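What follows is a set of notes on a single structure, which appears directly below.
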Amino acid sequence: MGRYVIRRLLQMIPVFIGSTFLIFFMVYALGDPVAALFGDRAPDPATAAQIRAELHLNDPLWKQYLIYMKNIFTGDFGTAFNGESVVSLMRSAFPVTIRLTIVAILFEIIIGISLGVLTGMRRGKPDDTGVLLLTLVVISVPTFVTGYVLQYLFGVQWGWVSPSVSPEAPFNELILPGLVLALVSLAYVTRLTRTSIAENTRADYLRTAVAKGLPRHRIIIRHLLRNSLIPVVTFIGTDVGFLMGGAIVTERIFNIHGVGYQLYQGILRNNAPTVVGFVTILVLVFLLANLLVDLLYAVLDPRIRYA
Amino acid sequence: MTVIDDISDVPTPDAKLAPLLEVRDLHVEFHTRDGVAKAVNGVNYSVNAGETLAVLGESGSGKSVSAQAVMGILDMPPARIPKGEILFQGRDMLKMSGEERRKIRGRKIAMIFQDALSSLNPVLSVGYQLGEMYRVHQGLSRKDAKAKAIELMDRVRIPAARERVGDYPHQFSGGMRQRIMIAMALALEPDLIIADEPTTALDVTVQAQVMELLAELQAEYNMGLILITHDLGVVADVADKIAVMYAGRIVEDAPVHDIYSKPAHPYTKGLLQSIPRLDQKGQELYAIKGLPPNLTRIPSGCAFNPRCPMAQDICRTDVPQLHPVGTARGSACHFWKETLGE
Ligand SMILES: Nc1ncnc2c1ncn2[C@@H]1O[C@H](COP(=O)(O)OP(=O)(O)OP(=O)(O)O)[C@@H](O)[C@H]1O
Ligand code: SF4
Ligand SMILES: [Mg+2]
């Protein structure tokens with residue numbers, strides 16, 4: 001196991017370099033960061049040249065990338081458009097997005113799994129069919145539509161929650177945005193749980209559990225759920241990475257100053273350090289989340305062995 | 001093979017006691033999209049303590065379904081038991097509450113399944129799965145249950161039980177896994193064990209060892225054993241009596257020696273002739289012609305008539321009842337005398 005982890009960590013290095021270089025290349029090749037600093041006004045050529053030199057913009061791209069990487073490892077992610085350091089933007093943005101992701105994951109676990117177990121054990125009954133249809137609707141409607149609709153209904157029409165989130169973004173204000181963020185994944189979790197429960201219900205080992213004279217709750221929890229939830233848990237684990245990066249739409253709708261919001265601002269203002277910096281961290285989160293999921297899988301299912 | 005008279009081979013059940021298990025006129029049907037599949041159509045058999053009943057028959061004849069009905073583990077629906085009685089120690093289990101039946105399962109009647117790999121929970125250690133019997137039924141602590149699990153593994157002769165108690169099913173060989181299934185069935189020293197093709201999934205060399213172990217433990221604990229198989233070869237050594245099933249009915253029912261020497265039903269005869277024998281090496285193996293019937297459309301009269309070499313007109317119209325043959329056997333064939341006589 002230890003060797004497997006080391007191998008996986010080593011494998012991350014080329015993936016990390018490749019993906020960061022790609023994003024670095026795209027962002028820097030796309031626009032002129034100096035022009036962007038000055039907005040609509042034409043920059044003074046002398047100042048522009050000085051900034052270019054400071055930012056190493058005259059060096060070849062690979063060299064810029066190396067310098068950037070070196071800076072990153074000393075904790076310097078550059079400066080954002082408003083003059084703040086990117087690191088300080090990250091300090092304020094990531095906790096907000098992490099809280100939002102936690103709320104979303106809780107929705108997936110509590111609602112998604114419950115609905116999946118319920119429908120999996122009541123296949124073909126009207127409530128099963130109803131939930132199944134609902135998940136289809138949720139999956140096929142884009143997040144910004146459900147987001148705005150729910151925001152309007154709960155925030156504006158009924159006034160149950162405030163339609164936009166304050167800059168501190170405490171947990172209680174993130175309930176509705178968390179639900180919106182979770183919705184599509186929640187539908188997938190429901191369907192995955194349902195299928196998995198249905199499959200395992202027919203399994204031989206479950207028949208054995210009944211033949212052993214175990215009480216029903218023990219058969220369901222210790223045998224049926226313990227097996228059925230393995231793929232669900234790994235799906236939710238992988239989803240952590242997706243949710244953190246995918247919160248852009250949700251954060252825009254509810255005006256949450258998280259990672260998605262900062263990324264959006266960075267792109268809008270053509271601020272390369274912000275975009276590259278945030279994406280780099282997201283890539284890392286994603287890679288680590290996947291490694292953790294694989295390790296978790298081995299813990300949950302003893303048949304999986306990594307060597 | 002020695003021929004033994006009916007009289008000399010009568011089993012001697014204690015006349016004062018009812019049989020341990022008595023199945024009477026059991027019917028099981030499955031309601032499916034294609035119609036009603038009549039899997040079990042009036043099965044009668046009984047087992048006494050210490051006795052082994054072998055249930056024989058081709059695939060689909062209803063051996064497993066009738067056993068699962070006894071065990072109370074059929075999924076209802078799609079299964080339904082429209083008729084019958086299953087008397088265990090004199091009480092009809094079909095009239096018991098779900099909770100009463102649950103307390104019999106595992107404790108008084110235990111079951112061993114064919115494929116131990118799929119029948120054991122893949123993500124729980126064998127120690128946990130064995131110990132669960134004691135924790136649930138006897139309220140033992142986790143630690144005591146584990147000690148009992150190790151004891152059980154020793155008893156079914158799994159080497160290094162103490163070290164292997166935390167291993168998972170996939171880490172054992174097929175034979176060892178089946179020993180674990182046997183251990184699990186044995187845990188609470190039940191009165192009756194139902195073994196549904198316990199050796200079919202195993203290598204031939206291991207089959208004999210596992211069968212031996214099962215027979216030995218059965219004798220030691222004086223348990224009744226229902227051994228389901230379609231392998232007549234396995235049966236001869238271990239069974240006391242045999243019930244041959246065809247299309248959900250028992251067509252012949254007899255002490256083991258009688259059946260081997262003188263089958264009283266053409267289907268049994270066909271089964272016996274299809275066993276490979278050393279003295280017929282090289283010859284083509286006999287096979288009963290045709291296929292078992294579709295259970296949604298069982299032929300009228302004797303269900304075996306389309307495949308029977310002795311079928312007459314009456315076989316297509318009248319269902320043969322189980323005629324007594326001698327004292328302790330029966331044959332559901334209109335022409336049982338002729339079959340015996342040949
Ligand atoms: N859940 C079910 N739904 C519908 N039909 C079923 C179901 N379970 C069993 N059957 C039918 O009942 C019949 C008897 O099956 P059973 O498993 O008892 O056969 P068997 O004698 O044990 O055969 P084998 O030697 O293959 O194990 C089969 O034709 C099968 O199709
Ligand atoms: S009753 Fe007729 S068809 Fe059935 S087994 Fe006997 S002879 Fe054959
Ligand atoms: Mg079977």
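By convention in this document, the chains of the structure tokens carry letters A, B, ... by their order, each chain's residues are numbered from 1, and ligands are numbered from 1 in the order they are shown.
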
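For stretch 210-219 of chain A, the list of residues within 9 Å, based on only C-alpha atoms and with local chain neighbours fewer than 5 positions off taken out, reads A:Tyr205, A:Leu224, A:Leu225, B:Met71, B:Gly72, B:Ile73, B:Glu99, B:Arg101, B:Arg102, B:Lys103, B:Ile104, B:Arg105, B:Gly106, B:Arg107, B:Ile109, B:Ala110, B:Met111, B:Glu132, B:Met133, B:Val136, B:His137, B:Met184, B:Ala185.
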
10 Å contact set for stretch 176-178 of chain B, only C-alpha atoms, chain neighbours under 2 positions out, as a PyMOL selection string: chain B and resi 112-117+119-120+126+153+156-159+168-174+180-184+198-199+201-202+206-207+210

Neighbouring residues of ligand 2 are defined here as those with any atom at most 8 Å from a ligand atom, counting only C-alpha atoms and all ligand atoms; list them as a count of residues only. 25

Pull the alpha helix (DSSP H) assignments for stretch 45-284 of chain B out of DSSP run on the backbone, and list those residues as a PyMOL selection string. chain B and resi 63-71+98-104+116-119+126-138+142-155+161-164+174-186+204-221+232-238+256-261+266-273

Write as a CSV table (one decimal) with all heavy atoms, in the first residue's frame the residues around ligand 3, taking 9 Å as the cut-off and counting only C-alpha atoms and all ligand atoms.
```csv
chain,number,residue,atom,x,y,z
B,59,SER,N,-31.7,-30.3,-13.7
B,59,SER,CA,-31.8,-28.9,-13.5
B,59,SER,C,-33.2,-28.4,-13.7
B,59,SER,O,-33.8,-28.8,-14.7
B,59,SER,CB,-30.8,-28.2,-14.5
B,59,SER,OG,-30.7,-26.8,-14.1
B,60,GLY,N,-33.7,-27.5,-12.8
B,60,GLY,CA,-35.0,-27.0,-13.0
B,60,GLY,C,-36.2,-27.8,-12.5
B,60,GLY,O,-37.3,-27.5,-12.6
B,61,SER,N,-35.8,-29.0,-11.8
B,61,SER,CA,-36.9,-29.8,-11.4
B,61,SER,C,-37.5,-29.4,-10.1
B,61,SER,O,-38.5,-29.9,-9.6
B,61,SER,CB,-36.3,-31.3,-11.2
B,61,SER,OG,-35.2,-31.3,-10.4
B,62,GLY,N,-37.0,-28.3,-9.5
B,62,GLY,CA,-37.6,-27.7,-8.3
B,62,GLY,C,-36.9,-28.1,-7.0
B,62,GLY,O,-37.5,-27.9,-5.9
B,63,LYS,N,-35.7,-28.7,-7.1
B,63,LYS,CA,-35.0,-29.1,-5.8
B,63,LYS,C,-34.7,-27.9,-5.0
B,63,LYS,O,-35.0,-27.9,-3.8
B,63,LYS,CB,-33.7,-29.8,-6.2
B,63,LYS,CG,-33.9,-30.9,-7.2
B,63,LYS,CD,-32.5,-31.6,-7.5
B,63,LYS,CE,-31.5,-30.7,-8.2
B,63,LYS,NZ,-31.8,-30.4,-9.6
B,64,SER,N,-34.1,-26.9,-5.6
B,64,SER,CA,-33.7,-25.7,-4.7
B,64,SER,C,-34.9,-24.9,-4.3
B,64,SER,O,-35.0,-24.5,-3.1
B,64,SER,CB,-32.9,-24.8,-5.6
B,64,SER,OG,-31.7,-25.4,-6.0
B,65,VAL,N,-35.9,-24.8,-5.1
B,65,VAL,CA,-37.1,-24.0,-4.7
B,65,VAL,C,-37.8,-24.7,-3.5
B,65,VAL,O,-38.2,-24.0,-2.6
B,65,VAL,CB,-38.1,-23.8,-5.9
B,65,VAL,CG1,-39.4,-23.3,-5.5
B,65,VAL,CG2,-37.4,-22.9,-7.0
B,67,ALA,N,-36.5,-26.6,-1.3
B,67,ALA,CA,-35.6,-26.4,-0.1
B,67,ALA,C,-35.7,-25.0,0.4
B,67,ALA,O,-35.8,-24.7,1.6
B,67,ALA,CB,-34.2,-26.7,-0.5
B,114,GLN,N,-24.5,-23.7,-2.9
B,114,GLN,CA,-23.6,-24.3,-3.9
B,114,GLN,C,-22.3,-23.5,-4.0
B,114,GLN,O,-21.2,-24.0,-3.9
B,114,GLN,CB,-24.4,-24.4,-5.2
B,114,GLN,CG,-23.5,-24.8,-6.4
B,114,GLN,CD,-24.3,-24.9,-7.6
B,114,GLN,OE1,-25.5,-25.0,-7.6
B,114,GLN,NE2,-23.6,-25.0,-8.8
B,196,ASP,N,-27.5,-27.5,-0.5
B,196,ASP,CA,-28.0,-27.4,-1.9
B,196,ASP,C,-26.7,-27.5,-2.8
B,196,ASP,O,-26.0,-26.6,-3.0
B,196,ASP,CB,-28.7,-26.1,-2.2
B,196,ASP,CG,-29.4,-26.1,-3.5
B,196,ASP,OD1,-29.1,-27.0,-4.3
B,196,ASP,OD2,-30.2,-25.2,-3.7
B,197,GLU,N,-26.5,-28.7,-3.3
B,197,GLU,CA,-25.3,-29.0,-4.2
B,197,GLU,C,-24.0,-28.4,-3.6
B,197,GLU,O,-23.4,-27.6,-4.2
B,197,GLU,CB,-25.6,-28.4,-5.6
B,197,GLU,CG,-26.9,-28.8,-6.2
B,197,GLU,CD,-27.0,-28.7,-7.7
B,197,GLU,OE1,-26.0,-28.6,-8.3
B,197,GLU,OE2,-28.1,-28.6,-8.2
B,228,ILE,N,-29.1,-31.9,-1.6
B,228,ILE,CA,-29.7,-31.7,-3.0
B,228,ILE,C,-28.5,-31.9,-3.9
B,228,ILE,O,-27.4,-31.4,-3.7
B,228,ILE,CB,-30.3,-30.3,-3.1
B,228,ILE,CG1,-31.5,-30.2,-2.2
B,228,ILE,CG2,-30.6,-30.1,-4.5
B,228,ILE,CD1,-32.0,-28.8,-2.1
B,229,THR,N,-28.7,-32.7,-5.0
B,229,THR,CA,-27.7,-32.9,-5.9
B,229,THR,C,-28.3,-33.4,-7.3
B,229,THR,O,-29.4,-33.9,-7.3
B,229,THR,CB,-26.7,-33.9,-5.4
B,229,THR,OG1,-25.7,-34.2,-6.4
B,229,THR,CG2,-27.3,-35.2,-5.0
B,230,HIS,N,-27.5,-33.2,-8.4
B,230,HIS,CA,-28.0,-34.0,-9.5
B,230,HIS,C,-26.9,-35.0,-9.9
B,230,HIS,O,-26.8,-35.5,-11.0
B,230,HIS,CB,-28.4,-33.2,-10.7
B,230,HIS,CG,-27.6,-32.0,-11.0
B,230,HIS,ND1,-28.1,-30.9,-11.6
B,230,HIS,CD2,-26.3,-31.7,-10.8
B,230,HIS,CE1,-27.2,-30.0,-11.7
B,230,HIS,NE2,-26.1,-30.5,-11.2
```

So which residues are near ligand 1, meaning at most 10 Å away with only C-alpha atoms and all ligand atoms counted, given back as number ranges by chain? A: 202; B: 28-40, 55-69, 74-79, 114, 196-197, 200, 228-231, 245-248, 292-296

With only C-alpha atoms as the counted atoms, please give the residues lying no more than 8 Å from stretch 136-153 of chain A, apart from itself and same-chain residues fewer than 4 positions off, as a PyMOL selection string. chain A and resi 132+157-159+163+176-177+180-181+183-184+187-188+249-250+253-254

May I have the selected residues written with all heavy atoms, as a short mmCIF file (atom, residue, chain, number, x, y, z; two decimals), in the first residue's frame?
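Writing done, so here's out_30.cif:
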```
data_model
loop_
_atom_site.label_atom_id
_atom_site.label_comp_id
_atom_site.auth_asym_id
_atom_site.auth_seq_id
_atom_site.Cartn_x
_atom_site.Cartn_y
_atom_site.Cartn_z
N LEU A 132 -37.50 8.53 -9.84
CA LEU A 132 -36.67 8.28 -11.02
C LEU A 132 -36.90 9.37 -12.08
O LEU A 132 -35.95 9.89 -12.68
CB LEU A 132 -37.03 6.91 -11.59
CG LEU A 132 -35.87 6.12 -12.18
CD1 LEU A 132 -34.77 5.95 -11.15
CD2 LEU A 132 -36.36 4.76 -12.66
N GLN A 157 -39.58 35.26 -3.93
CA GLN A 157 -41.01 35.05 -3.82
C GLN A 157 -41.44 34.78 -2.37
O GLN A 157 -42.30 35.44 -1.83
CB GLN A 157 -41.41 33.88 -4.72
CG GLN A 157 -42.91 33.72 -4.90
CD GLN A 157 -43.46 34.75 -5.90
OE1 GLN A 157 -42.71 35.56 -6.47
NE2 GLN A 157 -44.75 34.73 -6.12
N TRP A 158 -40.81 33.77 -1.76
CA TRP A 158 -41.24 33.36 -0.42
C TRP A 158 -40.38 33.98 0.67
O TRP A 158 -40.74 33.96 1.84
CB TRP A 158 -41.23 31.82 -0.30
CG TRP A 158 -42.15 31.17 -1.31
CD1 TRP A 158 -43.30 31.69 -1.80
CD2 TRP A 158 -41.96 29.91 -1.94
NE1 TRP A 158 -43.87 30.83 -2.71
CE2 TRP A 158 -43.07 29.72 -2.81
CE3 TRP A 158 -41.00 28.92 -1.86
CZ2 TRP A 158 -43.21 28.58 -3.60
CZ3 TRP A 158 -41.15 27.79 -2.63
CH2 TRP A 158 -42.24 27.62 -3.50
N GLY A 159 -39.23 34.48 0.30
CA GLY A 159 -38.36 35.13 1.28
C GLY A 159 -37.85 34.24 2.39
O GLY A 159 -37.62 34.68 3.51
N PRO A 163 -31.53 36.02 -0.98
CA PRO A 163 -31.21 35.59 -2.34
C PRO A 163 -29.73 35.71 -2.68
O PRO A 163 -29.26 35.02 -3.58
CB PRO A 163 -32.05 36.51 -3.23
CG PRO A 163 -32.47 37.63 -2.36
CD PRO A 163 -32.42 37.18 -0.95
N LEU A 176 -29.11 27.02 0.48
CA LEU A 176 -29.73 26.98 -0.86
C LEU A 176 -28.69 26.86 -1.97
O LEU A 176 -28.82 25.99 -2.84
CB LEU A 176 -30.64 28.20 -1.06
CG LEU A 176 -31.40 28.20 -2.39
CD1 LEU A 176 -32.31 26.99 -2.50
CD2 LEU A 176 -32.20 29.49 -2.56
N PRO A 177 -27.61 27.68 -1.94
CA PRO A 177 -26.58 27.50 -2.98
C PRO A 177 -25.99 26.09 -2.96
O PRO A 177 -25.75 25.50 -4.02
CB PRO A 177 -25.51 28.53 -2.60
CG PRO A 177 -26.22 29.56 -1.81
CD PRO A 177 -27.32 28.85 -1.09
N VAL A 180 -28.31 23.82 -4.75
CA VAL A 180 -28.25 24.03 -6.20
C VAL A 180 -26.99 23.37 -6.77
O VAL A 180 -27.03 22.68 -7.79
CB VAL A 180 -28.26 25.54 -6.54
CG1 VAL A 180 -27.93 25.78 -8.00
CG2 VAL A 180 -29.61 26.13 -6.18
N LEU A 181 -25.87 23.59 -6.07
CA LEU A 181 -24.61 23.00 -6.53
C LEU A 181 -24.69 21.47 -6.54
O LEU A 181 -24.18 20.81 -7.44
CB LEU A 181 -23.48 23.47 -5.61
CG LEU A 181 -22.07 22.94 -5.92
CD1 LEU A 181 -21.63 23.38 -7.30
CD2 LEU A 181 -21.08 23.41 -4.87
N LEU A 183 -27.35 19.55 -6.82
CA LEU A 183 -28.53 18.94 -7.42
C LEU A 183 -28.26 17.85 -8.46
O LEU A 183 -28.78 16.74 -8.37
CB LEU A 183 -29.41 20.04 -8.01
CG LEU A 183 -30.92 19.89 -7.76
CD1 LEU A 183 -31.22 19.48 -6.34
CD2 LEU A 183 -31.65 21.17 -8.10
N VAL A 184 -27.42 18.15 -9.45
CA VAL A 184 -27.18 17.17 -10.51
C VAL A 184 -26.49 15.93 -9.94
O VAL A 184 -26.90 14.80 -10.19
CB VAL A 184 -26.35 17.79 -11.65
CG1 VAL A 184 -25.93 16.73 -12.64
CG2 VAL A 184 -27.16 18.87 -12.34
N ALA A 187 -28.82 13.78 -8.02
CA ALA A 187 -29.64 12.91 -8.87
C ALA A 187 -28.84 11.67 -9.28
O ALA A 187 -29.35 10.55 -9.28
CB ALA A 187 -30.11 13.68 -10.10
N TYR A 188 -27.55 11.88 -9.60
CA TYR A 188 -26.72 10.73 -9.97
C TYR A 188 -26.53 9.79 -8.79
O TYR A 188 -26.58 8.57 -8.94
CB TYR A 188 -25.36 11.19 -10.50
CG TYR A 188 -25.41 11.62 -11.95
CD1 TYR A 188 -25.07 12.91 -12.34
CD2 TYR A 188 -25.81 10.72 -12.94
CE1 TYR A 188 -25.13 13.31 -13.66
CE2 TYR A 188 -25.87 11.10 -14.27
CZ TYR A 188 -25.53 12.40 -14.63
OH TYR A 188 -25.60 12.78 -15.94
N VAL A 249 -20.79 28.55 -11.68
CA VAL A 249 -22.16 28.97 -12.02
C VAL A 249 -22.92 29.32 -10.74
O VAL A 249 -23.52 30.39 -10.62
CB VAL A 249 -22.88 27.86 -12.80
CG1 VAL A 249 -24.33 28.24 -13.04
CG2 VAL A 249 -22.16 27.59 -14.11
N THR A 250 -22.86 28.40 -9.77
CA THR A 250 -23.60 28.62 -8.53
C THR A 250 -23.12 29.89 -7.82
O THR A 250 -23.91 30.68 -7.32
CB THR A 250 -23.43 27.41 -7.60
OG1 THR A 250 -23.70 26.23 -8.35
CG2 THR A 250 -24.37 27.49 -6.42
N ILE A 253 -24.51 32.96 -9.48
CA ILE A 253 -25.93 33.18 -9.24
C ILE A 253 -26.15 33.82 -7.88
O ILE A 253 -26.91 34.77 -7.73
CB ILE A 253 -26.72 31.85 -9.32
CG1 ILE A 253 -26.65 31.27 -10.72
CG2 ILE A 253 -28.18 32.05 -8.90
CD1 ILE A 253 -27.21 29.88 -10.85
N PHE A 254 -25.47 33.29 -6.85
CA PHE A 254 -25.73 33.76 -5.50
C PHE A 254 -24.70 34.80 -5.03
O PHE A 254 -24.66 35.14 -3.85
CB PHE A 254 -25.77 32.56 -4.53
CG PHE A 254 -26.92 31.64 -4.80
CD1 PHE A 254 -26.76 30.52 -5.59
CD2 PHE A 254 -28.18 31.92 -4.28
CE1 PHE A 254 -27.83 29.68 -5.85
CE2 PHE A 254 -29.24 31.08 -4.53
CZ PHE A 254 -29.08 29.96 -5.33
#
```

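Proximity ranking of B:Asn41, B:Ser141, B:Ser331, B:Ser46 relative to B:Gln89 places B:Ser46 first, based on only C-alpha atoms.
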
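What separates atom CA of A:Asp44 from atom CA of A:Leu61 is a distance of 24.1 Å.
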